[in-house]
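Comments concern the structure below.
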Amino acid sequence: MVGSIVKKWHGLGVQEKLHILIQGSLIILFFISMEWVLARFEEQIMTSAEVRAGDTADGLINGMNMLMLTGTISNPENRKLLLKKMQQSEGVKELRIIRGASVVAQFGAGLPEEQAVDEMDREVLQTGKKRFVKIDVKDGAPLLRVVVPFIALENFRGTNCLSCHKTPLGGVNGAASVTLDLSKEESALHEIKNWLWAGHIAIQILLSIIISWFVRVLIVKNIAEPVKKLQMAMTEIQRENDLSKRADVDETNPDIGEMARTFNALLGSLEGATERLELFGKMFHGSSEAILITDVNKRIVAINPAFTEITGYGVEEAIGKNPNILNSGRQTPDFYQKMWASINMAGQWQGEIWNRRKTGEIYPEWLSIGVVKNSKGEVINYISLFSDITERKAAEQQIEFLAHYDALTRLPNRALFADRLRSALLAAERNNNKVALLFLDLDKFKAINDTMGHLAGDLLLQSVATRLLTCVRESDTICRQGGDEFMILLSMIGNATDVEHVAQKIIAVMKEPHRIEGRDLIVTFSVGISIFPDDAGDVDAMVKCADDAMYRAKEHGRNNYQFFGKVL
């Protein structure tokens with residue numbers, strides 16, 4: 001349905017659209033003004049009704065004062081007579097006298113109708129403040145109710161009020177409840193509403209006629225007729241396919257004349273671009289690589305959609321710019337000098353280069369640059385074709401990473417660890433210092449794998465690896481040997497005490513539970529330690545000695561460390 005309305009809207013002419021917009025604005029303005037005016041009238045009527053209700057309540061209070069002064073207030077018949085007389089006032093639907101707590105305490109609850117019946121009554125008796133409320137009655141006229149408190153020696157002035165009723169100055173003896181029928185006010189408001197509707201509709205019709213006439217004159221004289229002439233000229237040029245023709249410029253109408261001049265300028269651009277369009281059609285067709293064409297001065301004259309997709313630069317952002325807007329800064333000036341020397345000599349160049357997207361992201365690309373020459377052998381354009389090789393480079397890096405690191409924990413694997421251990425031993429031998437190797441095995445890890453599954457086991461190994469990294473220096477190396485086994489290389493240590501501190505730290509950090517899949521798991525390590533050159537003199541011997549020490553740690557009850565050369 002929405003699509004159908006949009007389609008019909010687009011099918012309308014300028015005159016119809018403008019007329020609909022103006023009429024719609026008038027209708028909206030009409031409803032807003034109606035609501036505002038009615039709200040002001042209703043506010044005024046309600047203010048008048050509130051004054052009338054307050055006056056009626058004050059009259060009832062004055063009557064109660066007279067009964068108090070004459071000493072006849074205690075007789076319920078006198079109070080009923082007062083209510084009956086006051087209820088004859090115009091628009092009064094209900095009158096009630098409400099006894100306050102102090103009066104009830106001394107003289108009883110009084111008549112049933114003299115007791116507080118709702119929250120409004122009780123609130124007025126408690127706060128001593130007048131309350132108004134409008135009540136909307138279903139299938140009937142609305143009501144206005146006011147409850148006014150009897151305040152000792154303010155509006156309730158009986159001479160024996162303070163002594164007899166024991167009410168302090170300003171205290172509340174009771175209240176008067178007045179309910180007015182707003183039928184008369186409702187009828188007046190309805191009549192005002194009818195008059196407003198009639199007046200607004202008359203104004204709406206009059207304005208619609210005037211605006212419709214004005215819009216028609218304005219559109220036909222200033223837009224429709226000049227545009228029709230320009231459209232006829234365009235149609236003739238299109239029919240004859242003659243780009244050398246030009247539309248007549250109407251100098252008497254600046255807007256339409258500017259449109260004609262713009263159209264003529266466009267024709268001139270199209271006429272000179274015909275040959276280039278043929279070249280572009282061949283170049284862009286079926287190309288999945290980004291294509292960039294510059295003029296002889298290395299200013300961009302054309303790009304294809306793949307260029308925008310890779311670099312983020314649109315046509316308006318790239319045309320006229322130098323391709324160095326893609327420069328990442330990774331290549332040196334010497335690199336570009338050699339590249340352009342090759343292009344100028346051989347007419348082409350290709351290779352890997354790093355460029356920068358519009359977002360600032362640097363990415364690798366495979367770039368080919370060639371020259372375009374005219375019939376005289378002069379260079380008129382440079383054409384660059386390139387593709388984003390980020391994924392290929394990432395795959396190469398991933399392969400390189402997997403060759404040296406453990407995929408689960410992202411720690412160095414056995415091959416990289418052995419290489420670093422070998423280098424550390426050579427350095428220690430040259431510098432006459434020591435190297436320590438810690439062989440760690442998780443205690444009872446198989447039980448966790450069997451009970452919670454391999455996913456939980458993998459998460460636990462990752463958590464363990466993270467904690468181990470906090471126990472060593474950045475110059476040290478942690479390796480996942482495989483399964484639940486880890487090795488730590490501590491290079492350039494002074495003595496066994498330094499190693500013992502690291503082992504104690506590992507035992508300590510493992511006491512904290514690991515939160516795995518909603519459960520707290522506590523695991524321990526059995527740690528074996530070998531020291532170069534005290535225990536072994538090469539990589540294999542170091543690993544074997546540390547492994548033997550680890551098994552001795554397991555024999556001593558697990559969750560401890562043992563040196564190969566001594567028993568703790």
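A note on labels: chains of the structure tokens are A, B, ... as shown, every chain counts residues from 1, and ligands are counted from 1 in their shown order.
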
All strand (DSSP E or B) positions in segment 427-562 of chain A, as an MDAnalysis selection string: chainID A and resid 434:442 477:482 485:493 514:516 519:521 525:532 560:562

Surrounding residues of Ser526 of chain A excluding itself and chain neighbours under 6 positions, 7 Å, only C-alpha atoms, as number ranges by chain: A: 440-443, 550, 553-554, 558-561

Requested write-out: C-alpha atoms of the selected residues, as a PDB file, in the first residue's frame:
ATOM      1  CA  LEU A 440      54.965 -28.647  34.292  1.00  0.00           C
ATOM      2  CA  ASP A 441      52.238 -31.274  34.185  1.00  0.00           C
ATOM      3  CA  LEU A 442      48.609 -30.583  35.166  1.00  0.00           C
ATOM      4  CA  ASP A 443      47.501 -32.992  37.863  1.00  0.00           C
ATOM      5  CA  MET A 550      58.480 -33.678  37.413  1.00  0.00           C
ATOM      6  CA  ALA A 553      57.114 -34.248  42.157  1.00  0.00           C
ATOM      7  CA  LYS A 554      54.107 -36.434  41.316  1.00  0.00           C
ATOM      8  CA  ARG A 558      51.593 -33.594  43.294  1.00  0.00           C
ATOM      9  CA  ASN A 559      51.073 -29.806  43.654  1.00  0.00           C
ATOM     10  CA  ASN A 560      54.797 -29.286  44.353  1.00  0.00           C
ATOM     11  CA  TYR A 561      58.101 -28.771  42.603  1.00  0.00           C
TER      12      TYR A 561
END

Expected answer as JSON, numbers by chain: alpha helix (DSSP H) residues in segment 313-519 of chain A: {"A": [315, 316, 317, 318, 333, 334, 335, 336, 337, 338, 339, 340, 341, 342, 343, 344, 345, 346, 390, 391, 392, 393, 394, 395, 396, 397, 398, 399, 400, 401, 402, 403, 404, 414, 415, 416, 417, 418, 419, 420, 421, 422, 423, 424, 425, 426, 427, 428, 429, 430, 431, 445, 446, 447, 448, 449, 450, 451, 452, 454, 455, 456, 457, 458, 459, 460, 461, 462, 463, 464, 465, 466, 467, 468, 469, 496, 497, 498, 499, 500, 501, 502, 503, 504, 505, 506, 507, 508, 509]}

Show me, as a CSV table (one decimal) with all heavy atoms, in the first residue's frame, the residues that have an atom within 9 Å of Lys444 of chain A when counting only C-alpha atoms, minus same-chain residues fewer than 3 positions from it.
chain,number,residue,atom,x,y,z
A,447,ALA,N,40.8,-36.4,34.2
A,447,ALA,CA,39.4,-36.5,34.8
A,447,ALA,C,38.5,-35.4,34.4
A,447,ALA,O,37.3,-35.6,34.2
A,447,ALA,CB,39.6,-36.6,36.3
A,448,ILE,N,39.1,-34.2,34.3
A,448,ILE,CA,38.3,-33.0,33.9
A,448,ILE,C,37.8,-33.2,32.4
A,448,ILE,O,36.6,-32.9,32.1
A,448,ILE,CB,39.1,-31.7,34.0
A,448,ILE,CG1,39.4,-31.5,35.5
A,448,ILE,CG2,38.3,-30.5,33.4
A,448,ILE,CD1,40.3,-30.3,35.8
A,523,VAL,N,42.9,-26.6,39.7
A,523,VAL,CA,43.9,-27.6,39.2
A,523,VAL,C,45.3,-27.2,39.8
A,523,VAL,O,45.5,-26.1,40.2
A,523,VAL,CB,43.9,-27.6,37.7
A,523,VAL,CG1,42.7,-28.2,37.1
A,523,VAL,CG2,44.2,-26.2,37.1
A,524,THR,N,46.2,-28.3,39.9
A,524,THR,CA,47.5,-28.0,40.4
A,524,THR,C,48.5,-28.5,39.4
A,524,THR,O,48.2,-29.2,38.4
A,524,THR,CB,47.7,-28.8,41.7
A,524,THR,OG1,47.5,-30.2,41.5
A,524,THR,CG2,46.7,-28.3,42.8

Shortest interatomic distance to Ile20 of chain A - which of A:Ile135, A:Gly528, A:Ile211, A:Ala109, counting only C-alpha atoms: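 Selected residue with least distance to Ile20 of chain A: A:Ile211.
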
Separation of atom CA of Trp366 of chain A from atom CA of Gln348 of chain A in Å: 13.7 Å

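Note that the spacing between atom CA of Val92 of chain A and atom CA of Leu189 of chain A amounts to 19.0 Å.
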
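Here atom CA of Leu60 of chain A stands at a distance of 19.7 Å from atom CA of Glu123 of chain A.
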